[in-house]
>>> print(open('protein.pdb').read())   # PDB, C-alpha atoms and all ligand atoms
MODEL        1
ATOM      1  CA  THR A   1      65.152 -76.617  15.829  1.00  0.00           C
ATOM      2  CA  ARG A   2      65.665 -75.562  12.222  1.00  0.00           C
ATOM      3  CA  SER A   3      68.700 -77.023  10.486  1.00  0.00           C
ATOM      4  CA  THR A   4      71.549 -74.754   9.394  1.00  0.00           C
ATOM      5  CA  ARG A   5      72.544 -74.101   5.778  1.00  0.00           C
ATOM      6  CA  PRO A   6      75.810 -76.064   6.149  1.00  0.00           C
ATOM      7  CA  GLN A   7      73.780 -79.019   7.530  1.00  0.00           C
ATOM      8  CA  ARG A   8      71.447 -78.852   4.494  1.00  0.00           C
ATOM      9  CA  LEU A   9      74.476 -78.627   2.191  1.00  0.00           C
ATOM     10  CA  LEU A  10      75.979 -81.759   3.799  1.00  0.00           C
ATOM     11  CA  LYS A  11      72.641 -83.580   3.403  1.00  0.00           C
ATOM     12  CA  ALA A  12      72.685 -82.745  -0.321  1.00  0.00           C
ATOM     13  CA  VAL A  13      76.225 -84.153  -0.576  1.00  0.00           C
ATOM     14  CA  LYS A  14      75.206 -87.403   1.135  1.00  0.00           C
ATOM     15  CA  GLN A  15      72.088 -87.690  -1.064  1.00  0.00           C
ATOM     16  CA  HIS A  16      73.641 -86.846  -4.445  1.00  0.00           C
ATOM     17  CA  ALA A  17      77.382 -87.504  -4.299  1.00  0.00           C
ATOM     18  CA  THR A  18      79.187 -90.849  -4.431  1.00  0.00           C
ATOM     19  CA  ARG A  19      81.419 -91.683  -1.454  1.00  0.00           C
ATOM     20  CA  GLY A  20      85.066 -91.462  -2.478  1.00  0.00           C
ATOM     21  CA  ASP A  21      84.329 -89.419  -5.606  1.00  0.00           C
ATOM     22  CA  PRO A  22      85.527 -85.824  -5.067  1.00  0.00           C
ATOM     23  CA  GLN A  23      84.118 -84.554  -8.362  1.00  0.00           C
ATOM     24  CA  SER A  24      80.620 -85.759  -7.439  1.00  0.00           C
ATOM     25  CA  VAL A  25      80.916 -83.908  -4.089  1.00  0.00           C
ATOM     26  CA  ILE A  26      81.919 -80.710  -5.908  1.00  0.00           C
ATOM     27  CA  SER A  27      79.028 -81.089  -8.394  1.00  0.00           C
ATOM     28  CA  ALA A  28      76.499 -81.824  -5.621  1.00  0.00           C
ATOM     29  CA  ILE A  29      77.501 -78.680  -3.710  1.00  0.00           C
ATOM     30  CA  ASP A  30      77.448 -76.507  -6.848  1.00  0.00           C
ATOM     31  CA  HIS A  31      73.983 -77.855  -7.768  1.00  0.00           C
ATOM     32  CA  PHE A  32      72.684 -77.242  -4.221  1.00  0.00           C
ATOM     33  CA  CYS A  33      74.056 -73.675  -4.157  1.00  0.00           C
ATOM     34  CA  ARG A  34      72.809 -72.802  -7.633  1.00  0.00           C
ATOM     35  CA  HIS A  35      69.321 -74.351  -7.374  1.00  0.00           C
ATOM     36  CA  ARG A  36      68.512 -74.495  -3.647  1.00  0.00           C
ATOM     37  CA  GLU A  37      70.482 -72.125  -1.387  1.00  0.00           C
ATOM     38  CA  TRP A  38      73.402 -69.795  -2.123  1.00  0.00           C
ATOM     39  CA  ALA A  39      76.465 -70.467   0.049  1.00  0.00           C
ATOM     40  CA  MET A  40      79.897 -68.859   0.187  1.00  0.00           C
ATOM     41  CA  ASN A  41      81.901 -71.618  -1.528  1.00  0.00           C
ATOM     42  CA  VAL A  42      84.456 -70.443  -4.107  1.00  0.00           C
ATOM     43  CA  GLY A  43      82.083 -72.065  -6.630  1.00  0.00           C
ATOM     44  CA  ASP A  44      82.493 -73.638 -10.052  1.00  0.00           C
ATOM     45  CA  GLU A  45      83.636 -70.625 -12.103  1.00  0.00           C
ATOM     46  CA  LYS A  46      86.353 -69.365  -9.718  1.00  0.00           C
ATOM     47  CA  GLY A  47      86.920 -73.045  -8.826  1.00  0.00           C
ATOM     48  CA  CYS A  48      88.173 -73.737 -12.350  1.00  0.00           C
ATOM     49  CA  ILE A  49      90.712 -70.907 -11.980  1.00  0.00           C
ATOM     50  CA  LEU A  50      91.748 -72.395  -8.609  1.00  0.00           C
ATOM     51  CA  ASP A  51      92.123 -75.812 -10.281  1.00  0.00           C
ATOM     52  CA  SER A  52      94.409 -74.410 -12.995  1.00  0.00           C
ATOM     53  CA  VAL A  53      96.643 -72.624 -10.466  1.00  0.00           C
ATOM     54  CA  VAL A  54      96.932 -75.824  -8.342  1.00  0.00           C
ATOM     55  CA  SER A  55      97.543 -78.080 -11.367  1.00  0.00           C
ATOM     56  CA  GLU A  56     100.243 -75.783 -12.760  1.00  0.00           C
ATOM     57  CA  LEU A  57     101.996 -75.455  -9.376  1.00  0.00           C
ATOM     58  CA  ASN A  58     101.751 -79.100  -8.232  1.00  0.00           C
ATOM     59  CA  PRO A  59     102.243 -77.992  -4.598  1.00  0.00           C
ATOM     60  CA  GLU A  60     103.498 -80.333  -1.837  1.00  0.00           C
ATOM     61  CA  LYS A  61     102.457 -78.060   1.065  1.00  0.00           C
ATOM     62  CA  VAL A  62      99.225 -76.088   0.900  1.00  0.00           C
ATOM     63  CA  LEU A  63      97.605 -73.819   3.500  1.00  0.00           C
ATOM     64  CA  GLU A  64      93.928 -72.852   3.216  1.00  0.00           C
ATOM     65  CA  LEU A  65      92.626 -70.038   5.409  1.00  0.00           C
ATOM     66  CA  GLY A  66      88.871 -70.494   5.722  1.00  0.00           C
ATOM     67  CA  THR A  67      87.451 -73.996   5.234  1.00  0.00           C
ATOM     68  CA  TYR A  68      83.697 -73.269   5.543  1.00  0.00           C
ATOM     69  CA  CYS A  69      82.060 -76.518   4.318  1.00  0.00           C
ATOM     70  CA  GLY A  70      85.202 -77.883   2.690  1.00  0.00           C
ATOM     71  CA  TYR A  71      84.290 -77.228  -0.963  1.00  0.00           C
ATOM     72  CA  SER A  72      87.613 -75.616  -1.922  1.00  0.00           C
ATOM     73  CA  THR A  73      89.431 -78.069   0.358  1.00  0.00           C
ATOM     74  CA  VAL A  74      88.072 -80.924  -1.795  1.00  0.00           C
ATOM     75  CA  ARG A  75      88.795 -78.996  -5.030  1.00  0.00           C
ATOM     76  CA  ILE A  76      92.435 -78.507  -4.048  1.00  0.00           C
ATOM     77  CA  ALA A  77      93.101 -81.881  -2.362  1.00  0.00           C
ATOM     78  CA  ARG A  78      91.719 -83.917  -5.298  1.00  0.00           C
ATOM     79  CA  LEU A  79      94.500 -82.427  -7.492  1.00  0.00           C
ATOM     80  CA  LEU A  80      97.422 -82.935  -5.076  1.00  0.00           C
ATOM     81  CA  PRO A  81     100.108 -85.517  -5.824  1.00  0.00           C
ATOM     82  CA  PRO A  82     100.504 -88.479  -3.381  1.00  0.00           C
ATOM     83  CA  GLY A  83     102.322 -87.349  -0.216  1.00  0.00           C
ATOM     84  CA  ALA A  84     101.270 -83.716  -0.639  1.00  0.00           C
ATOM     85  CA  ARG A  85      99.476 -82.140   2.327  1.00  0.00           C
ATOM     86  CA  LEU A  86      96.771 -79.506   2.754  1.00  0.00           C
ATOM     87  CA  ILE A  87      96.302 -77.788   6.123  1.00  0.00           C
ATOM     88  CA  THR A  88      93.003 -75.927   6.341  1.00  0.00           C
ATOM     89  CA  LEU A  89      92.069 -73.529   9.158  1.00  0.00           C
ATOM     90  CA  GLU A  90      88.470 -72.941  10.199  1.00  0.00           C
ATOM     91  CA  PHE A  91      87.432 -70.562  12.975  1.00  0.00           C
ATOM     92  CA  ASN A  92      83.785 -71.616  13.294  1.00  0.00           C
ATOM     93  CA  PRO A  93      83.365 -75.024  15.020  1.00  0.00           C
ATOM     94  CA  ASP A  94      79.942 -75.574  13.427  1.00  0.00           C
ATOM     95  CA  TYR A  95      81.460 -75.167   9.966  1.00  0.00           C
ATOM     96  CA  ALA A  96      84.340 -77.484  10.944  1.00  0.00           C
ATOM     97  CA  VAL A  97      81.918 -80.284  11.938  1.00  0.00           C
ATOM     98  CA  ILE A  98      80.322 -80.128   8.462  1.00  0.00           C
ATOM     99  CA  ALA A  99      83.618 -79.720   6.590  1.00  0.00           C
ATOM    100  CA  ARG A 100      85.123 -82.849   8.205  1.00  0.00           C
ATOM    101  CA  GLN A 101      82.169 -84.891   6.905  1.00  0.00           C
ATOM    102  CA  VAL A 102      82.318 -83.377   3.409  1.00  0.00           C
ATOM    103  CA  ILE A 103      86.077 -84.049   3.252  1.00  0.00           C
ATOM    104  CA  ALA A 104      85.531 -87.648   4.463  1.00  0.00           C
ATOM    105  CA  TRP A 105      82.690 -88.219   1.967  1.00  0.00           C
ATOM    106  CA  ALA A 106      85.013 -87.108  -0.845  1.00  0.00           C
ATOM    107  CA  GLY A 107      87.563 -89.652   0.386  1.00  0.00           C
ATOM    108  CA  ILE A 108      90.496 -87.222   0.502  1.00  0.00           C
ATOM    109  CA  GLU A 109      90.885 -87.005   4.293  1.00  0.00           C
ATOM    110  CA  ASP A 110      94.377 -88.526   4.194  1.00  0.00           C
ATOM    111  CA  LYS A 111      95.681 -85.447   2.357  1.00  0.00           C
ATOM    112  CA  VAL A 112      93.918 -82.920   4.582  1.00  0.00           C
ATOM    113  CA  GLN A 113      94.433 -81.679   8.115  1.00  0.00           C
ATOM    114  CA  LEU A 114      91.560 -79.490   9.346  1.00  0.00           C
ATOM    115  CA  VAL A 115      92.554 -77.283  12.283  1.00  0.00           C
ATOM    116  CA  GLU A 116      90.008 -75.321  14.318  1.00  0.00           C
ATOM    117  CA  GLY A 117      91.004 -71.862  15.502  1.00  0.00           C
ATOM    118  CA  ALA A 118      92.012 -68.377  14.420  1.00  0.00           C
ATOM    119  CA  SER A 119      94.616 -67.818  11.704  1.00  0.00           C
ATOM    120  CA  GLU A 120      96.594 -65.366  13.821  1.00  0.00           C
ATOM    121  CA  ASP A 121      96.933 -68.009  16.563  1.00  0.00           C
ATOM    122  CA  TRP A 122      97.899 -70.876  14.269  1.00  0.00           C
ATOM    123  CA  ILE A 123     100.166 -69.218  11.673  1.00  0.00           C
ATOM    124  CA  PRO A 124     102.970 -68.671  14.232  1.00  0.00           C
ATOM    125  CA  ARG A 125     102.724 -72.333  15.247  1.00  0.00           C
ATOM    126  CA  MET A 126     102.864 -73.948  11.806  1.00  0.00           C
ATOM    127  CA  LYS A 127     106.557 -74.847  11.983  1.00  0.00           C
ATOM    128  CA  GLU A 128     106.733 -76.403  15.454  1.00  0.00           C
ATOM    129  CA  HIS A 129     103.243 -77.949  15.412  1.00  0.00           C
ATOM    130  CA  PHE A 130     103.054 -79.326  11.860  1.00  0.00           C
ATOM    131  CA  GLY A 131     106.737 -79.564  10.937  1.00  0.00           C
ATOM    132  CA  ILE A 132     106.143 -77.215   8.029  1.00  0.00           C
ATOM    133  CA  GLU A 133     109.115 -75.214   6.747  1.00  0.00           C
ATOM    134  CA  THR A 134     107.422 -73.149   4.030  1.00  0.00           C
ATOM    135  CA  PHE A 135     104.198 -73.385   2.014  1.00  0.00           C
ATOM    136  CA  ASP A 136     104.087 -73.728  -1.770  1.00  0.00           C
ATOM    137  CA  LEU A 137     100.528 -72.402  -2.015  1.00  0.00           C
ATOM    138  CA  VAL A 138      98.266 -70.411   0.336  1.00  0.00           C
ATOM    139  CA  PHE A 139      94.555 -70.027  -0.503  1.00  0.00           C
ATOM    140  CA  LEU A 140      93.088 -67.035   1.360  1.00  0.00           C
ATOM    141  CA  ASP A 141      89.326 -67.295   1.843  1.00  0.00           C
ATOM    142  CA  HIS A 142      88.697 -66.241   5.440  1.00  0.00           C
ATOM    143  CA  TRP A 143      87.807 -62.899   7.068  1.00  0.00           C
ATOM    144  CA  LYS A 144      88.553 -60.314   4.385  1.00  0.00           C
ATOM    145  CA  ASP A 145      90.114 -57.890   6.881  1.00  0.00           C
ATOM    146  CA  HIS A 146      92.534 -60.663   7.927  1.00  0.00           C
ATOM    147  CA  TYR A 147      94.106 -61.207   4.477  1.00  0.00           C
ATOM    148  CA  LEU A 148      96.697 -58.441   4.850  1.00  0.00           C
ATOM    149  CA  PRO A 149      97.698 -58.899   8.503  1.00  0.00           C
ATOM    150  CA  ASP A 150      97.919 -62.671   8.031  1.00  0.00           C
ATOM    151  CA  THR A 151     100.067 -62.257   4.889  1.00  0.00           C
ATOM    152  CA  LYS A 152     102.471 -60.018   6.840  1.00  0.00           C
ATOM    153  CA  LEU A 153     102.408 -62.580   9.678  1.00  0.00           C
ATOM    154  CA  MET A 154     103.274 -65.424   7.264  1.00  0.00           C
ATOM    155  CA  GLU A 155     106.147 -63.316   5.879  1.00  0.00           C
ATOM    156  CA  GLY A 156     107.376 -62.638   9.411  1.00  0.00           C
ATOM    157  CA  CYS A 157     107.178 -66.300  10.417  1.00  0.00           C
ATOM    158  CA  GLY A 158     109.241 -67.313   7.364  1.00  0.00           C
ATOM    159  CA  LEU A 159     106.428 -69.454   5.969  1.00  0.00           C
ATOM    160  CA  LEU A 160     106.808 -68.025   2.434  1.00  0.00           C
ATOM    161  CA  ARG A 161     109.709 -68.834   0.103  1.00  0.00           C
ATOM    162  CA  LYS A 162     110.769 -67.547  -3.337  1.00  0.00           C
ATOM    163  CA  GLY A 163     107.933 -68.739  -5.594  1.00  0.00           C
ATOM    164  CA  THR A 164     105.266 -69.336  -2.948  1.00  0.00           C
ATOM    165  CA  VAL A 165     101.884 -68.520  -4.508  1.00  0.00           C
ATOM    166  CA  LEU A 166      99.181 -66.658  -2.573  1.00  0.00           C
ATOM    167  CA  LEU A 167      95.748 -67.078  -4.180  1.00  0.00           C
ATOM    168  CA  ALA A 168      93.089 -64.800  -2.684  1.00  0.00           C
ATOM    169  CA  ASP A 169      89.328 -65.217  -3.133  1.00  0.00           C
ATOM    170  CA  ASN A 170      86.826 -62.314  -3.118  1.00  0.00           C
ATOM    171  CA  VAL A 171      89.203 -59.532  -4.025  1.00  0.00           C
ATOM    172  CA  ILE A 172      86.247 -57.591  -5.542  1.00  0.00           C
ATOM    173  CA  CYS A 173      83.244 -58.945  -3.619  1.00  0.00           C
ATOM    174  CA  PRO A 174      83.190 -58.554  -0.642  1.00  0.00           C
ATOM    175  CA  GLY A 175      86.583 -57.018  -1.525  1.00  0.00           C
ATOM    176  CA  VAL A 176      89.991 -56.763   0.136  1.00  0.00           C
ATOM    177  CA  PRO A 177      91.268 -53.299  -0.879  1.00  0.00           C
ATOM    178  CA  ASP A 178      94.145 -53.044   1.605  1.00  0.00           C
ATOM    179  CA  TYR A 179      95.455 -56.528   0.659  1.00  0.00           C
ATOM    180  CA  LEU A 180      95.192 -55.764  -3.095  1.00  0.00           C
ATOM    181  CA  GLU A 181      97.031 -52.470  -2.704  1.00  0.00           C
ATOM    182  CA  TYR A 182      99.799 -54.255  -0.777  1.00  0.00           C
ATOM    183  CA  VAL A 183     100.453 -57.223  -3.101  1.00  0.00           C
ATOM    184  CA  ARG A 184     100.114 -55.074  -6.245  1.00  0.00           C
ATOM    185  CA  ASN A 185     102.556 -52.389  -5.077  1.00  0.00           C
ATOM    186  CA  SER A 186     105.050 -54.413  -3.035  1.00  0.00           C
ATOM    187  CA  ARG A 187     108.375 -55.270  -4.707  1.00  0.00           C
ATOM    188  CA  SER A 188     108.125 -58.607  -2.876  1.00  0.00           C
ATOM    189  CA  TYR A 189     105.213 -59.849  -5.025  1.00  0.00           C
ATOM    190  CA  LYS A 190     104.366 -60.395  -8.682  1.00  0.00           C
ATOM    191  CA  SER A 191     100.580 -60.131  -8.721  1.00  0.00           C
ATOM    192  CA  CYS A 192      97.864 -60.731 -11.303  1.00  0.00           C
ATOM    193  CA  TYR A 193      94.061 -60.595 -11.284  1.00  0.00           C
ATOM    194  CA  PHE A 194      91.787 -63.359 -12.650  1.00  0.00           C
ATOM    195  CA  LYS A 195      88.428 -61.721 -13.361  1.00  0.00           C
ATOM    196  CA  SER A 196      85.414 -63.915 -12.632  1.00  0.00           C
ATOM    197  CA  HIS A 197      82.080 -63.730 -10.817  1.00  0.00           C
ATOM    198  CA  LEU A 198      80.886 -64.060  -7.248  1.00  0.00           C
ATOM    199  CA  GLU A 199      79.989 -67.730  -6.774  1.00  0.00           C
ATOM    200  CA  TYR A 200      76.636 -68.682  -8.373  1.00  0.00           C
ATOM    201  CA  THR A 201      75.867 -65.037  -9.321  1.00  0.00           C
ATOM    202  CA  ARG A 202      76.492 -62.494 -12.113  1.00  0.00           C
ATOM    203  CA  ALA A 203      78.211 -60.028  -9.779  1.00  0.00           C
ATOM    204  CA  GLU A 204      81.857 -59.367 -10.527  1.00  0.00           C
ATOM    205  CA  ASP A 205      84.463 -60.999  -8.332  1.00  0.00           C
ATOM    206  CA  GLY A 206      87.891 -62.494  -8.948  1.00  0.00           C
ATOM    207  CA  LEU A 207      90.996 -64.179  -7.627  1.00  0.00           C
ATOM    208  CA  GLU A 208      94.326 -62.429  -7.143  1.00  0.00           C
ATOM    209  CA  LYS A 209      97.393 -64.607  -7.679  1.00  0.00           C
ATOM    210  CA  SER A 210     100.533 -63.211  -6.032  1.00  0.00           C
ATOM    211  CA  VAL A 211     103.955 -64.900  -6.279  1.00  0.00           C
ATOM    212  CA  PHE A 212     106.288 -64.123  -3.361  1.00  0.00           C
ATOM    213  CA  LEU A 213     109.687 -63.011  -4.700  1.00  0.00           C
ATOM    214  CA  GLY A 214     111.554 -63.302  -1.382  1.00  0.00           C
TER
HETATM  215  O1  LIG B 301      83.156 -63.977   4.430  1.00  0.00           O
HETATM  216  C1  LIG B 301      83.490 -64.798   3.592  1.00  0.00           C
HETATM  217  N1  LIG B 301      84.355 -65.780   3.898  1.00  0.00           N
HETATM  218  C2  LIG B 301      84.977 -65.826   5.221  1.00  0.00           C
HETATM  219  C3  LIG B 301      84.163 -66.536   6.282  1.00  0.00           C
HETATM  220  C4  LIG B 301      84.910 -66.354   7.597  1.00  0.00           C
HETATM  221  C5  LIG B 301      85.268 -67.657   8.247  1.00  0.00           C
HETATM  222  C6  LIG B 301      86.622 -67.657   8.838  1.00  0.00           C
HETATM  223  C7  LIG B 301      87.542 -68.653   8.730  1.00  0.00           C
HETATM  224  C8  LIG B 301      88.729 -68.415   9.470  1.00  0.00           C
HETATM  225  C9  LIG B 301      89.832 -69.266   9.646  1.00  0.00           C
HETATM  226  C10 LIG B 301      90.868 -68.873  10.473  1.00  0.00           C
HETATM  227  N2  LIG B 301      90.851 -67.692  11.121  1.00  0.00           N
HETATM  228  C11 LIG B 301      89.806 -66.846  10.964  1.00  0.00           C
HETATM  229  C12 LIG B 301      88.735 -67.220  10.139  1.00  0.00           C
HETATM  230  S1  LIG B 301      87.259 -66.400   9.806  1.00  0.00           S
HETATM  231  C13 LIG B 301      82.909 -64.758   2.214  1.00  0.00           C
HETATM  232  C14 LIG B 301      81.785 -63.964   1.975  1.00  0.00           C
HETATM  233  C15 LIG B 301      81.203 -63.919   0.704  1.00  0.00           C
HETATM  234  C16 LIG B 301      80.007 -63.062   0.454  1.00  0.00           C
HETATM  235  C17 LIG B 301      79.893 -62.351  -0.742  1.00  0.00           C
HETATM  236  C18 LIG B 301      78.774 -61.556  -0.992  1.00  0.00           C
HETATM  237  C19 LIG B 301      77.777 -61.472  -0.038  1.00  0.00           C
HETATM  238  F1  LIG B 301      76.679 -60.711  -0.280  1.00  0.00           F
HETATM  239  C20 LIG B 301      77.884 -62.175   1.164  1.00  0.00           C
HETATM  240  C21 LIG B 301      78.993 -62.967   1.408  1.00  0.00           C
HETATM  241  C22 LIG B 301      81.736 -64.680  -0.344  1.00  0.00           C
HETATM  242  C23 LIG B 301      82.854 -65.455  -0.110  1.00  0.00           C
HETATM  243  O2  LIG B 301      83.402 -66.209  -1.115  1.00  0.00           O
HETATM  244  C24 LIG B 301      83.456 -65.505   1.148  1.00  0.00           C
HETATM  245  O3  LIG B 301      84.565 -66.278   1.313  1.00  0.00           O
HETATM  246 MG    MG B 302      85.336 -66.816  -0.607  1.00  0.00          MG
ENDMDL
END
>>> encode(input="protein.pdb", output="structure tokens")
Amino acid sequence: TRSTRPQRLLKAVKQHATRGDPQSVISAIDHFCRHREWAMNVGDEKGCILDSVVSELNPEKVLELGTYCGYSTVRIARLLPPGARLITLEFNPDYAVIARQVIAWAGIEDKVQLVEGASEDWIPRMKEHFGIETFDLVFLDHWKDHYLPDTKLMEGCGLLRKGTVLLADNVICPGVPDYLEYVRNSRSYKSCYFKSHLEYTRAEDGLEKSVFLG
């Protein structure tokens, strides 16, 4: 049977990237998605914005909602200080199989914990299951209609502290209007928009960075 796009993406990583070199994994995926097949990775342009937010914050505890093939997982984990941890949630088991191999190829698996399941099931279990008090950074890149309910769930579970940064992908395309309205109008967040483009295209998209004020 025909291979899947994530399988072809992984093959490109194994063919063109060097084991243990996260940057070469990132470049191999960007090349594949720009010249072979588009895929819904955050991409190189928005990825540079993600890099600057991570580098400035130097987070110890990171949550990623939506792993897909692990592209943004590798982008974030490669910048984390020793001892820092990234928990990434993926709903689709086929994506998770690919992401684990991409993460291993990049050589950053000791910083990453990939968990399979739905965000609404796992967010309430973060404290008791992973011994996490609060997150320093949350990267939202999963179902767009889950951004807002999951943000309210994280607030309710006490997973956000004064200064926690929420960074949301795709706030223009596909768009998350209810989430944007919430973080931009709530007194509990200081929010700003980083204008960019939908990965590997000229369509507008961007990242919204929202600091939780407690
Ligand atoms: O849907 C997108 N991303 C979510 C995939 C949903 C996977 C999930 C992970 C998870 C984990 C935990 N709980 C529940 C869930 S559900 C997405 C889509 C586009 C796009 C843009 C223009 C298009 F024409 C077509 C697609 C671009 C992007 O950057 C995306 O991120
Ligand atoms: Mg995205």
>>> residues_near_ligand(input="protein.pdb", ligand="ligand MG 302 (chain B)", cutoff="6 Å", atoms="all atoms listed in the file", output="mmCIF file with C-alpha atoms, in the frame of the given file")
data_model
loop_
_atom_site.group_PDB
_atom_site.id
_atom_site.type_symbol
_atom_site.label_atom_id
_atom_site.label_comp_id
_atom_site.auth_asym_id
_atom_site.auth_seq_id
_atom_site.Cartn_x
_atom_site.Cartn_y
_atom_site.Cartn_z
ATOM 1 C CA MET A 40 79.897 -68.859 0.187
ATOM 2 C CA ASN A 41 81.901 -71.618 -1.528
ATOM 3 C CA VAL A 42 84.456 -70.443 -4.107
ATOM 4 C CA ASP A 141 89.326 -67.295 1.843
ATOM 5 C CA ASP A 169 89.328 -65.217 -3.133
ATOM 6 C CA ASN A 170 86.826 -62.314 -3.118
#
>>> resolve_selection(input="protein.pdb", expression="the PyMOL selection byres (((chain A and resi 96-111) around 6) and not hetatm)", output="number ranges by chain")
A: 19-22, 69-70, 85, 93-95, 112
>>> closest_residue(input="protein.pdb", among="A:His31, A:His146, A:Lys14, A:Lys61", to="ligand LIG 301 (chain B)", atoms="all atoms listed in the file")
A:His146
>>> resolve_selection(input="protein.pdb", expression="the PyMOL selection byres (((not hetatm)) within 9 of (chain B and resi 301))", output="ChimeraX atom specification")
/A:39-43,64-68,88-92,95,115-122,140-144,146,169-170,173-175,198-199,203,205
>>> residues_around(input="protein.pdb", residues="stretch 157-164 of chain A", least_positions_apart="2", cutoff="8 Å", atoms="only C-alpha atoms", output="short mmCIF file (atom, residue, chain, number, x, y, z; two decimals) with C-alpha atoms, in the frame of the given file")
data_model
loop_
_atom_site.label_atom_id
_atom_site.label_comp_id
_atom_site.auth_asym_id
_atom_site.auth_seq_id
_atom_site.Cartn_x
_atom_site.Cartn_y
_atom_site.Cartn_z
CA ILE A 123 100.17 -69.22 11.67
CA PRO A 124 102.97 -68.67 14.23
CA GLU A 133 109.12 -75.21 6.75
CA THR A 134 107.42 -73.15 4.03
CA PHE A 135 104.20 -73.39 2.01
CA ASP A 136 104.09 -73.73 -1.77
CA LEU A 137 100.53 -72.40 -2.02
CA VAL A 138 98.27 -70.41 0.34
CA LEU A 153 102.41 -62.58 9.68
CA MET A 154 103.27 -65.42 7.26
CA GLU A 155 106.15 -63.32 5.88
CA LEU A 166 99.18 -66.66 -2.57
CA VAL A 211 103.96 -64.90 -6.28
CA PHE A 212 106.29 -64.12 -3.36
CA LEU A 213 109.69 -63.01 -4.70
CA GLY A 214 111.55 -63.30 -1.38
#
>>> atom_distance(input="protein.pdb", atom1="atom CA of A:Gln113", atom2="atom CA of A:Leu86")
6.2 Å
>>> resolve_selection(input="protein.pdb", expression="the PyMOL selection byres (((chain A and resi 13) around 9) and not hetatm)", output="VMD selection string")
chain A and resid 8 to 12 14 to 18 24 to 29 32 102 105
>>> write_last_selection(input="protein.pdb", atoms="C-alpha atoms", output="PDB file, keeping the file's coordinate frame")
ATOM      1  CA  ARG A   8      71.447 -78.852   4.494  1.00  0.00           C
ATOM      2  CA  LEU A   9      74.476 -78.627   2.191  1.00  0.00           C
ATOM      3  CA  LEU A  10      75.979 -81.759   3.799  1.00  0.00           C
ATOM      4  CA  LYS A  11      72.641 -83.580   3.403  1.00  0.00           C
ATOM      5  CA  ALA A  12      72.685 -82.745  -0.321  1.00  0.00           C
ATOM      6  CA  LYS A  14      75.206 -87.403   1.135  1.00  0.00           C
ATOM      7  CA  GLN A  15      72.088 -87.690  -1.064  1.00  0.00           C
ATOM      8  CA  HIS A  16      73.641 -86.846  -4.445  1.00  0.00           C
ATOM      9  CA  ALA A  17      77.382 -87.504  -4.299  1.00  0.00           C
ATOM     10  CA  THR A  18      79.187 -90.849  -4.431  1.00  0.00           C
ATOM     11  CA  SER A  24      80.620 -85.759  -7.439  1.00  0.00           C
ATOM     12  CA  VAL A  25      80.916 -83.908  -4.089  1.00  0.00           C
ATOM     13  CA  ILE A  26      81.919 -80.710  -5.908  1.00  0.00           C
ATOM     14  CA  SER A  27      79.028 -81.089  -8.394  1.00  0.00           C
ATOM     15  CA  ALA A  28      76.499 -81.824  -5.621  1.00  0.00           C
ATOM     16  CA  ILE A  29      77.501 -78.680  -3.710  1.00  0.00           C
ATOM     17  CA  PHE A  32      72.684 -77.242  -4.221  1.00  0.00           C
ATOM     18  CA  VAL A 102      82.318 -83.377   3.409  1.00  0.00           C
ATOM     19  CA  TRP A 105      82.690 -88.219   1.967  1.00  0.00           C
TER      20      TRP A 105
END
>>> closest_atom_pairs(input="protein.pdb", of="stretch 90-165 of chain A", to="stretch 176-197 of chain A", cutoff="9 Å", atoms="all atoms listed in the file", output="JSON lines")
{"residue": "A:Lys144", "atom": "CA", "partner": "A:Val176", "partner_atom": "CA", "distance": 5.7}
{"residue": "A:Asp145", "atom": "CA", "partner": "A:Val176", "partner_atom": "CA", "distance": 6.8}
{"residue": "A:His146", "atom": "CA", "partner": "A:Tyr179", "partner_atom": "CA", "distance": 8.9}
{"residue": "A:Tyr147", "atom": "CA", "partner": "A:Tyr179", "partner_atom": "CA", "distance": 6.2}
{"residue": "A:Leu148", "atom": "CA", "partner": "A:Tyr179", "partner_atom": "CA", "distance": 4.8}
{"residue": "A:Pro149", "atom": "CA", "partner": "A:Tyr179", "partner_atom": "CA", "distance": 8.5}
{"residue": "A:Thr151", "atom": "CA", "partner": "A:Tyr179", "partner_atom": "CA", "distance": 8.5}
>>> axis_aligned_box(input="protein.pdb", around="stretch 161-169 of chain A", padding_each_side="3 Å", output="AutoDock Vina command-line options")
--center_x 100.0 --center_y -67.1 --center_z -2.7 --size_x 27.4 --size_y 10.5 --size_z 11.7
>>> closest_residue(input="protein.pdb", among="A:Lys209, A:Lys152, A:Arg202, A:Arg125", to="A:Glu45", atoms="all atoms listed in the file")
A:Arg202
>>> atom_distance(input="protein.pdb", atom1="atom CA of A:Gly206", atom2="atom CA of A:Val62")
20.3 Å
>>> closest_residue(input="protein.pdb", among="A:Cys48, A:Ser55, A:Leu63, A:Asp30", to="A:Met126", atoms="all atoms listed in the file")
A:Leu63
>>> residues_around(input="protein.pdb", residues="A:Pro81", least_positions_apart="6", cutoff="9 Å", atoms="only C-alpha atoms", output="PDB file with C-alpha atoms, in the coordinates of the input")
ATOM      1  CA  ASN A  58     101.751 -79.100  -8.232  1.00  0.00           C
ATOM      2  CA  PRO A  59     102.243 -77.992  -4.598  1.00  0.00           C
ATOM      3  CA  GLU A  60     103.498 -80.333  -1.837  1.00  0.00           C
TER       4      GLU A  60
END
>>> atom_distance(input="protein.pdb", atom1="atom CA of A:Lys127", atom2="atom CA of A:Ala84")
16.3 Å
